[in-house]
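K.L.:
Below is the file structure34.pdb, with PDB, C-alpha atoms.
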```
ATOM      1  CA  MET A 177     -14.750  56.050  -8.366
ATOM      2  CA  LYS A 178     -16.119  55.159  -4.970
ATOM      3  CA  THR A 179     -19.576  54.475  -6.412
ATOM      4  CA  SER A 180     -18.291  52.115  -9.114
ATOM      5  CA  SER A 181     -16.145  50.229  -6.573
ATOM      6  CA  LEU A 182     -19.143  49.832  -4.280
ATOM      7  CA  ASN A 183     -21.330  48.663  -7.173
ATOM      8  CA  MET A 184     -18.707  46.135  -8.222
ATOM      9  CA  LEU A 185     -18.318  44.888  -4.637
ATOM     10  CA  ALA A 186     -22.106  44.593  -4.296
ATOM     11  CA  SER A 187     -22.298  42.639  -7.573
ATOM     12  CA  VAL A 188     -19.574  40.237  -6.438
ATOM     13  CA  ALA A 189     -21.252  39.770  -3.048
ATOM     14  CA  CYS A 190     -24.607  39.149  -4.728
ATOM     15  CA  GLY A 191     -23.048  36.614  -7.117
ATOM     16  CA  LEU A 192     -21.344  34.773  -4.258
ATOM     17  CA  THR A 193     -24.597  34.672  -2.305
ATOM     18  CA  VAL A 194     -26.424  33.129  -5.266
ATOM     19  CA  LEU A 195     -23.663  30.554  -5.809
ATOM     20  CA  LEU A 196     -23.572  29.587  -2.148
ATOM     21  CA  SER A 197     -27.370  29.304  -2.044
ATOM     22  CA  LEU A 198     -27.422  27.040  -5.079
ATOM     23  CA  SER A 199     -24.617  24.855  -3.764
ATOM     24  CA  GLY A 200     -26.856  23.991  -0.790
ATOM     25  CA  CYS A 201     -29.201  22.275  -3.228
ATOM     26  CA  THR A 202     -26.635  19.788  -4.494
ATOM     27  CA  GLY A 203     -27.640  16.266  -3.584
ATOM     28  CA  TYR A 204     -31.301  17.229  -3.341
ATOM     29  CA  THR A 205     -33.489  15.359  -5.766
ATOM     30  CA  VAL A 206     -37.053  15.946  -6.786
ATOM     31  CA  GLY A 207     -39.157  12.814  -7.134
ATOM     32  CA  SER A 208     -38.643   9.236  -6.088
ATOM     33  CA  THR A 209     -35.433   7.723  -4.803
ATOM     34  CA  LEU A 210     -36.713   4.222  -5.535
ATOM     35  CA  PRO A 211     -34.543   1.862  -7.565
ATOM     36  CA  PRO A 212     -35.402   1.438 -11.246
ATOM     37  CA  GLY A 213     -38.132  -1.082 -11.915
ATOM     38  CA  ILE A 214     -40.076  -0.547  -8.685
ATOM     39  CA  ALA A 215     -43.105   1.628  -9.230
ATOM     40  CA  THR A 216     -45.874  -0.547  -7.792
ATOM     41  CA  ILE A 217     -46.295  -2.306  -4.470
ATOM     42  CA  TYR A 218     -48.552  -4.937  -2.934
ATOM     43  CA  ILE A 219     -49.213  -4.725   0.815
ATOM     44  CA  PRO A 220     -50.748  -7.847   2.342
ATOM     45  CA  THR A 221     -52.390  -7.662   5.767
ATOM     46  CA  PHE A 222     -49.718  -7.207   8.413
ATOM     47  CA  THR A 223     -48.772 -10.169  10.590
ATOM     48  CA  ASN A 224     -49.441  -9.496  14.270
ATOM     49  CA  LEU A 225     -47.029 -11.101  16.753
ATOM     50  CA  SER A 226     -47.559  -8.459  19.442
ATOM     51  CA  GLY A 227     -50.107 -10.320  21.541
ATOM     52  CA  GLU A 228     -52.571  -7.417  21.230
ATOM     53  CA  PRO A 229     -55.524  -8.549  19.122
ATOM     54  CA  GLN A 230     -56.770  -6.808  15.985
ATOM     55  CA  LEU A 231     -53.902  -4.373  15.388
ATOM     56  CA  GLU A 232     -53.199  -5.744  11.925
ATOM     57  CA  SER A 233     -56.214  -4.285  10.104
ATOM     58  CA  GLU A 234     -55.824  -0.757  11.494
ATOM     59  CA  THR A 235     -52.083  -0.645  10.803
ATOM     60  CA  THR A 236     -52.362  -2.207   7.333
ATOM     61  CA  ASN A 237     -55.063   0.250   6.284
ATOM     62  CA  ALA A 238     -53.038   3.178   7.635
ATOM     63  CA  ALA A 239     -49.960   2.049   5.667
ATOM     64  CA  ILE A 240     -51.915   1.675   2.423
ATOM     65  CA  SER A 241     -53.421   5.132   2.908
ATOM     66  CA  GLU A 242     -50.004   6.671   3.643
ATOM     67  CA  PHE A 243     -48.427   5.114   0.537
ATOM     68  CA  GLN A 244     -51.319   6.485  -1.525
ATOM     69  CA  LYS A 245     -50.764   9.976  -0.071
ATOM     70  CA  ASP A 246     -47.004   9.761  -0.620
ATOM     71  CA  GLY A 247     -47.437   8.751  -4.264
ATOM     72  CA  SER A 248     -43.948   7.293  -4.717
ATOM     73  CA  LEU A 249     -45.377   3.777  -5.150
ATOM     74  CA  ARG A 250     -48.743   2.794  -6.579
ATOM     75  CA  ILE A 251     -50.735   0.176  -4.617
ATOM     76  CA  VAL A 252     -51.730  -2.773  -6.841
ATOM     77  CA  SER A 253     -52.671  -6.441  -6.574
ATOM     78  CA  GLU A 254     -49.966  -8.993  -5.875
ATOM     79  CA  ALA A 255     -49.987 -10.208  -9.501
ATOM     80  CA  GLN A 256     -49.287  -6.672 -10.803
ATOM     81  CA  ALA A 257     -46.761  -5.578  -8.164
ATOM     82  CA  ASP A 258     -43.086  -4.839  -8.738
ATOM     83  CA  ALA A 259     -42.513  -5.416  -5.016
ATOM     84  CA  VAL A 260     -44.267  -6.891  -1.983
ATOM     85  CA  LEU A 261     -44.071  -5.242   1.441
ATOM     86  CA  GLU A 262     -44.388  -7.706   4.298
ATOM     87  CA  VAL A 263     -44.778  -6.121   7.721
ATOM     88  CA  THR A 264     -44.799  -7.903  11.061
ATOM     89  CA  ILE A 265     -46.027  -6.142  14.193
ATOM     90  CA  THR A 266     -43.484  -7.234  16.777
ATOM     91  CA  ASP A 267     -44.413  -5.124  19.792
ATOM     92  CA  TYR A 268     -47.260  -3.125  21.270
ATOM     93  CA  LYS A 269     -46.734  -1.157  24.464
ATOM     94  CA  ILE A 270     -48.649   1.290  26.581
ATOM     95  CA  VAL A 271     -46.266   3.255  28.794
ATOM     96  CA  PRO A 272     -47.482   5.524  31.604
ATOM     97  CA  LEU A 273     -45.953   8.998  31.375
ATOM     98  CA  ARG A 274     -47.543  11.131  34.068
ATOM     99  CA  PHE A 275     -49.155  10.000  37.279
ATOM    100  CA  GLU A 276     -52.097  11.510  39.103
ATOM    101  CA  GLN A 277     -51.060  13.854  41.867
ATOM    102  CA  ASP A 278     -53.445  12.310  44.409
ATOM    103  CA  ASN A 279     -52.650   8.716  43.450
ATOM    104  CA  PRO A 280     -49.036   8.055  42.396
ATOM    105  CA  THR A 281     -49.903   4.504  41.301
ATOM    106  CA  SER A 282     -52.456   5.672  38.716
ATOM    107  CA  SER A 283     -51.433   7.339  35.474
ATOM    108  CA  ASN A 284     -53.504   9.783  33.474
ATOM    109  CA  GLU A 285     -51.137  10.205  30.505
ATOM    110  CA  TYR A 286     -49.770   7.374  28.372
ATOM    111  CA  ARG A 287     -47.851   6.725  25.173
ATOM    112  CA  MET A 288     -48.782   3.928  22.801
ATOM    113  CA  PHE A 289     -45.896   2.316  20.888
ATOM    114  CA  LEU A 290     -46.311   0.111  17.805
ATOM    115  CA  THR A 291     -43.129  -1.586  16.565
ATOM    116  CA  VAL A 292     -42.706  -3.504  13.321
ATOM    117  CA  LYS A 293     -40.164  -5.189  11.125
ATOM    118  CA  LEU A 294     -40.570  -4.887   7.382
ATOM    119  CA  VAL A 295     -39.232  -6.570   4.287
ATOM    120  CA  LEU A 296     -39.689  -5.222   0.763
ATOM    121  CA  THR A 297     -39.048  -7.923  -1.835
ATOM    122  CA  ARG A 298     -38.777  -7.442  -5.591
ATOM    123  CA  THR A 299     -41.298  -9.800  -7.207
ATOM    124  CA  LYS A 300     -39.403 -10.579 -10.418
ATOM    125  CA  ASP A 301     -36.327 -12.071  -8.730
ATOM    126  CA  GLY A 302     -37.160 -12.358  -5.002
ATOM    127  CA  GLU A 303     -34.384  -9.922  -4.077
ATOM    128  CA  VAL A 304     -34.825  -8.262  -0.676
ATOM    129  CA  VAL A 305     -34.649  -4.562  -1.439
ATOM    130  CA  VAL A 306     -35.329  -3.181   2.047
ATOM    131  CA  LYS A 307     -35.200  -4.915   5.407
ATOM    132  CA  ARG A 308     -35.760  -2.960   8.593
ATOM    133  CA  GLU A 309     -36.416  -3.906  12.199
ATOM    134  CA  GLY A 310     -37.552  -1.676  15.019
ATOM    135  CA  VAL A 311     -39.608   0.778  12.941
ATOM    136  CA  GLU A 312     -41.767   2.453  15.540
ATOM    137  CA  GLY A 313     -44.838   4.631  15.612
ATOM    138  CA  ASN A 314     -46.234   6.198  18.760
ATOM    139  CA  LYS A 315     -48.805   8.569  20.089
ATOM    140  CA  THR A 316     -49.346  10.171  23.482
ATOM    141  CA  PHE A 317     -52.831  10.258  24.995
ATOM    142  CA  THR A 318     -54.637  11.080  28.201
ATOM    143  CA  ARG A 319     -57.100   8.755  29.830
ATOM    144  CA  SER A 320     -60.601  10.028  30.316
ATOM    145  CA  GLY A 321     -62.759   7.133  31.402
ATOM    146  CA  SER A 322     -61.492   3.605  30.894
ATOM    147  CA  LEU A 323     -57.982   2.888  29.672
ATOM    148  CA  SER A 324     -59.388   0.347  27.222
ATOM    149  CA  ALA A 325     -61.572   2.971  25.535
ATOM    150  CA  ALA A 326     -58.712   5.466  25.445
ATOM    151  CA  LYS A 327     -56.420   2.885  23.783
ATOM    152  CA  GLN A 328     -59.035   2.147  21.120
ATOM    153  CA  ALA A 329     -59.515   5.858  20.455
ATOM    154  CA  ILE A 330     -55.797   6.580  20.021
ATOM    155  CA  LEU A 331     -54.908   3.485  17.946
ATOM    156  CA  PRO A 332     -55.745   5.101  14.560
ATOM    157  CA  GLU A 333     -53.390   8.015  15.307
ATOM    158  CA  ALA A 334     -50.554   5.722  16.428
ATOM    159  CA  ALA A 335     -51.155   3.598  13.310
ATOM    160  CA  ARG A 336     -50.877   6.710  11.095
ATOM    161  CA  ASP A 337     -47.596   7.680  12.768
ATOM    162  CA  LEU A 338     -46.290   4.148  12.226
ATOM    163  CA  ALA A 339     -47.500   4.178   8.605
ATOM    164  CA  HIS A 340     -45.614   7.408   7.924
ATOM    165  CA  LYS A 341     -42.427   5.883   9.306
ATOM    166  CA  ILE A 342     -42.946   2.745   7.200
ATOM    167  CA  VAL A 343     -43.266   4.864   4.043
ATOM    168  CA  VAL A 344     -40.130   6.803   4.941
ATOM    169  CA  SER A 345     -38.279   3.537   5.639
ATOM    170  CA  VAL A 346     -39.243   2.165   2.223
ATOM    171  CA  ALA A 347     -39.404   5.183  -0.085
ATOM    172  CA  GLU A 348     -36.325   6.953   1.274
ATOM    173  CA  TYR A 349     -34.217   3.857   1.867
ATOM    174  CA  TRP A 350     -32.188   4.150  -1.307
TER     175      TRP A 350
END
```
Would you encode the structure as structure tokens?
P.N.:
Amino acid sequence: MKTSSLNMLASVACGLTVLLSLSGCTGYTVGSTLPPGIATIYIPTFTNLSGEPQLESETTNAAISEFQKDGSLRIVSEAQADAVLEVTITDYKIVPLRFEQDNPTSSNEYRMFLTVKLVLTRTKDGEVVVKREGVEGNKTFTRSGSLSAAKQAILPEAARDLAHKIVVSVAEYW
């Protein structure tokens, strides 16, 4: 009698564990969360209002690459696109993080910040589907040699971080 009671209790406990585990998956979806009718996107070259020259090509290319990796939207020409993503670079900052021990006015570690606003517009009716401001990518780097060279070297990584956050802002907005 003890054995059958223990087996029954173990079966009930196992069943409850399975039910509780499965209930944690409610609300989770596999695939895109994009609204119906948006499967393709056109990404024109970003507009650069930051004051730092030549950021637009690096950041645009990083965003296109990230959307291709993500796969939720296919990159196409403007004429074929269900939606157009317009991105404006609004800010570019280099912030010193750690100063040299011998010279407290000179930093050897920095963080690059790239900030954008984005608007995703449906092409068939001009409806703004997503509008976000303050989307930010960043990357920390150490200076070895000139600060200018270090900034150029780290820009692709900061652009990739920004691109990932743009994709998340668009593809997971809904």
K.L.:
Please evaluate the PyMOL selection byres ((chain A and resi 250-254) around 9) against the displayed coordinates and give the resulting residues as a list in words.
P.N.:
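Those residues are Ala215, Thr216, Ile217, Tyr218, Ile219, Pro220, Ile240, Phe243, Gln244, Gly247, Ser248, Leu249, Ala255, Gln256, Ala257, Asp258, Ala259, Val260 and Thr299 of chain A.
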K.L.:
Which residues fall under the PyMOL selection byres ((chain A and resi 242) around 8) in this file, as a compact mmCIF listing (two decimals) with C-alpha atoms, in the coordinates of the input?
P.N.:
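The result, stored in result-v6.txt:
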```txt
# COMPACT_ATOMS: atom_id res chain seq x y z
CA ALA A 238 -53.04 3.18 7.64
CA ALA A 239 -49.96 2.05 5.67
CA ILE A 240 -51.92 1.68 2.42
CA SER A 241 -53.42 5.13 2.91
CA PHE A 243 -48.43 5.11 0.54
CA GLN A 244 -51.32 6.48 -1.52
CA LYS A 245 -50.76 9.98 -0.07
CA ASP A 246 -47.00 9.76 -0.62
CA ARG A 336 -50.88 6.71 11.10
CA ALA A 339 -47.50 4.18 8.60
CA HIS A 340 -45.61 7.41 7.92
CA VAL A 343 -43.27 4.86 4.04
```
K.L.:
Any chance you could resolve the PyMOL selection byres ((chain A and resi 310-320) around 7) against this file and give the residues as a list in words?
P.N.:
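Checking the PyMOL selection byres ((chain A and resi 310-320) around 7) against this file, the residues are Asn284, Glu285, Tyr286, Arg287, Met288, Phe289, Leu290, Thr291, Val292, Lys293, Arg308, Glu309, Gly321, Ser322, Leu323, Ala326, Ile330, Glu333, Ala334, Ala335, Asp337, Leu338, Lys341 and Ile342 of chain A.
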K.L.:
Would you write out those residues with C-alpha atoms, as an mmCIF file, in the coordinates of the input?
P.N.:
```cif
data_model
loop_
_atom_site.group_PDB
_atom_site.id
_atom_site.type_symbol
_atom_site.label_atom_id
_atom_site.label_comp_id
_atom_site.auth_asym_id
_atom_site.auth_seq_id
_atom_site.Cartn_x
_atom_site.Cartn_y
_atom_site.Cartn_z
ATOM 1 C CA ASN A 284 -53.504 9.783 33.474
ATOM 2 C CA GLU A 285 -51.137 10.205 30.505
ATOM 3 C CA TYR A 286 -49.770 7.374 28.372
ATOM 4 C CA ARG A 287 -47.851 6.725 25.173
ATOM 5 C CA MET A 288 -48.782 3.928 22.801
ATOM 6 C CA PHE A 289 -45.896 2.316 20.888
ATOM 7 C CA LEU A 290 -46.311 0.111 17.805
ATOM 8 C CA THR A 291 -43.129 -1.586 16.565
ATOM 9 C CA VAL A 292 -42.706 -3.504 13.321
ATOM 10 C CA LYS A 293 -40.164 -5.189 11.125
ATOM 11 C CA ARG A 308 -35.760 -2.960 8.593
ATOM 12 C CA GLU A 309 -36.416 -3.906 12.199
ATOM 13 C CA GLY A 321 -62.759 7.133 31.402
ATOM 14 C CA SER A 322 -61.492 3.605 30.894
ATOM 15 C CA LEU A 323 -57.982 2.888 29.672
ATOM 16 C CA ALA A 326 -58.712 5.466 25.445
ATOM 17 C CA ILE A 330 -55.797 6.580 20.021
ATOM 18 C CA GLU A 333 -53.390 8.015 15.307
ATOM 19 C CA ALA A 334 -50.554 5.722 16.428
ATOM 20 C CA ALA A 335 -51.155 3.598 13.310
ATOM 21 C CA ASP A 337 -47.596 7.680 12.768
ATOM 22 C CA LEU A 338 -46.290 4.148 12.226
ATOM 23 C CA LYS A 341 -42.427 5.883 9.306
ATOM 24 C CA ILE A 342 -42.946 2.745 7.200
#
```
K.L.:
Mind giving me the straight-line distance from CA of Glu228 in chain A to CA of Val344 in chain A in Å, one decimal?
P.N.:
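Rounded to one decimal, the two atoms are 24.9 Å apart.
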K.L.:
So that I can check the surroundings of Val306 in chain A, please list as a list in words every protein, DNA and RNA residue that reaches within 12 Å of it, counting all atoms listed in the file and ignoring chain neighbours fewer than 5 positions away.
P.N.:
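So, after excluding close chain neighbours, the residues are Leu210, Pro211, Ala259, Val260, Leu261, Glu262, Val263, Lys293, Leu294, Val295, Leu296, Thr297, Arg298, Ile342, Val343, Val344, Ser345, Val346, Ala347, Glu348, Tyr349 and Trp350 of chain A.
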K.L.:
Provide the CA of Leu231 in chain A to CA of Ala329 in chain A distance in Å, to one decimal place.
P.N.:
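It comes out at 12.7 Å.
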K.L.:
Pick out the closest residue to Val271 in chain A from this set: A:Gln230, A:Gly302, A:Thr236, A:Ser283. Count all atoms listed in the file.
P.N.:
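Under the stated criterion, the closest residue is A:Ser283.
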K.L.:
So how far away is CA of Thr221 in chain A from CA of Pro332 in chain A, in Å?
P.N.:
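Going from CA of Pro332 in chain A over to CA of Thr221 in chain A, I get 15.9 Å.
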K.L.:
Using the atoms already present, construct N, CA, C and O atoms for range 251-265 of chain A and hand them back as a compact mmCIF listing (two decimals), in the coordinates of the input.
P.N.:
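Dumped everything to result00.txt:
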```txt
# COMPACT_ATOMS: atom_id res chain seq x y z
N ILE A 251 -50.23 1.40 -5.23
CA ILE A 251 -50.74 0.18 -4.62
C ILE A 251 -51.48 -0.63 -5.68
O ILE A 251 -52.38 -0.10 -6.34
N VAL A 252 -51.10 -1.89 -5.85
CA VAL A 252 -51.73 -2.77 -6.84
C VAL A 252 -51.91 -4.16 -6.24
O VAL A 252 -51.45 -4.44 -5.12
N SER A 253 -52.52 -5.05 -7.01
CA SER A 253 -52.67 -6.44 -6.57
C SER A 253 -51.31 -7.13 -6.60
O SER A 253 -50.37 -6.67 -7.25
N GLU A 254 -51.23 -8.26 -5.94
CA GLU A 254 -49.97 -8.99 -5.88
C GLU A 254 -49.47 -9.39 -7.27
O GLU A 254 -48.27 -9.30 -7.55
N ALA A 255 -50.37 -9.78 -8.15
CA ALA A 255 -49.99 -10.21 -9.50
C ALA A 255 -49.39 -9.07 -10.33
O ALA A 255 -48.58 -9.32 -11.22
N GLN A 256 -49.76 -7.82 -10.03
CA GLN A 256 -49.29 -6.67 -10.80
C GLN A 256 -48.10 -5.96 -10.16
O GLN A 256 -47.51 -5.07 -10.77
N ALA A 257 -47.73 -6.35 -8.96
CA ALA A 257 -46.76 -5.58 -8.16
C ALA A 257 -45.31 -5.83 -8.58
O ALA A 257 -44.93 -6.95 -8.88
N ASP A 258 -44.53 -4.75 -8.56
CA ASP A 258 -43.09 -4.84 -8.74
C ASP A 258 -42.41 -5.31 -7.45
O ASP A 258 -41.32 -5.87 -7.49
N ALA A 259 -43.07 -5.05 -6.32
CA ALA A 259 -42.51 -5.42 -5.02
C ALA A 259 -43.64 -5.71 -4.04
O ALA A 259 -44.75 -5.20 -4.18
N VAL A 260 -43.32 -6.54 -3.04
CA VAL A 260 -44.27 -6.89 -1.98
C VAL A 260 -43.67 -6.41 -0.66
O VAL A 260 -42.50 -6.66 -0.37
N LEU A 261 -44.50 -5.72 0.12
CA LEU A 261 -44.07 -5.24 1.44
C LEU A 261 -44.71 -6.10 2.51
O LEU A 261 -45.93 -6.07 2.69
N GLU A 262 -43.90 -6.89 3.20
CA GLU A 262 -44.39 -7.71 4.30
C GLU A 262 -44.00 -7.04 5.60
O GLU A 262 -42.82 -6.73 5.82
N VAL A 263 -45.00 -6.82 6.45
CA VAL A 263 -44.78 -6.12 7.72
C VAL A 263 -45.27 -7.01 8.85
O VAL A 263 -46.37 -7.56 8.79
N THR A 264 -44.45 -7.13 9.88
CA THR A 264 -44.80 -7.90 11.06
C THR A 264 -44.80 -6.98 12.27
O THR A 264 -43.79 -6.32 12.55
N ILE A 265 -45.94 -6.93 12.95
CA ILE A 265 -46.03 -6.14 14.19
C ILE A 265 -45.35 -6.97 15.28
O ILE A 265 -45.81 -8.07 15.61
```
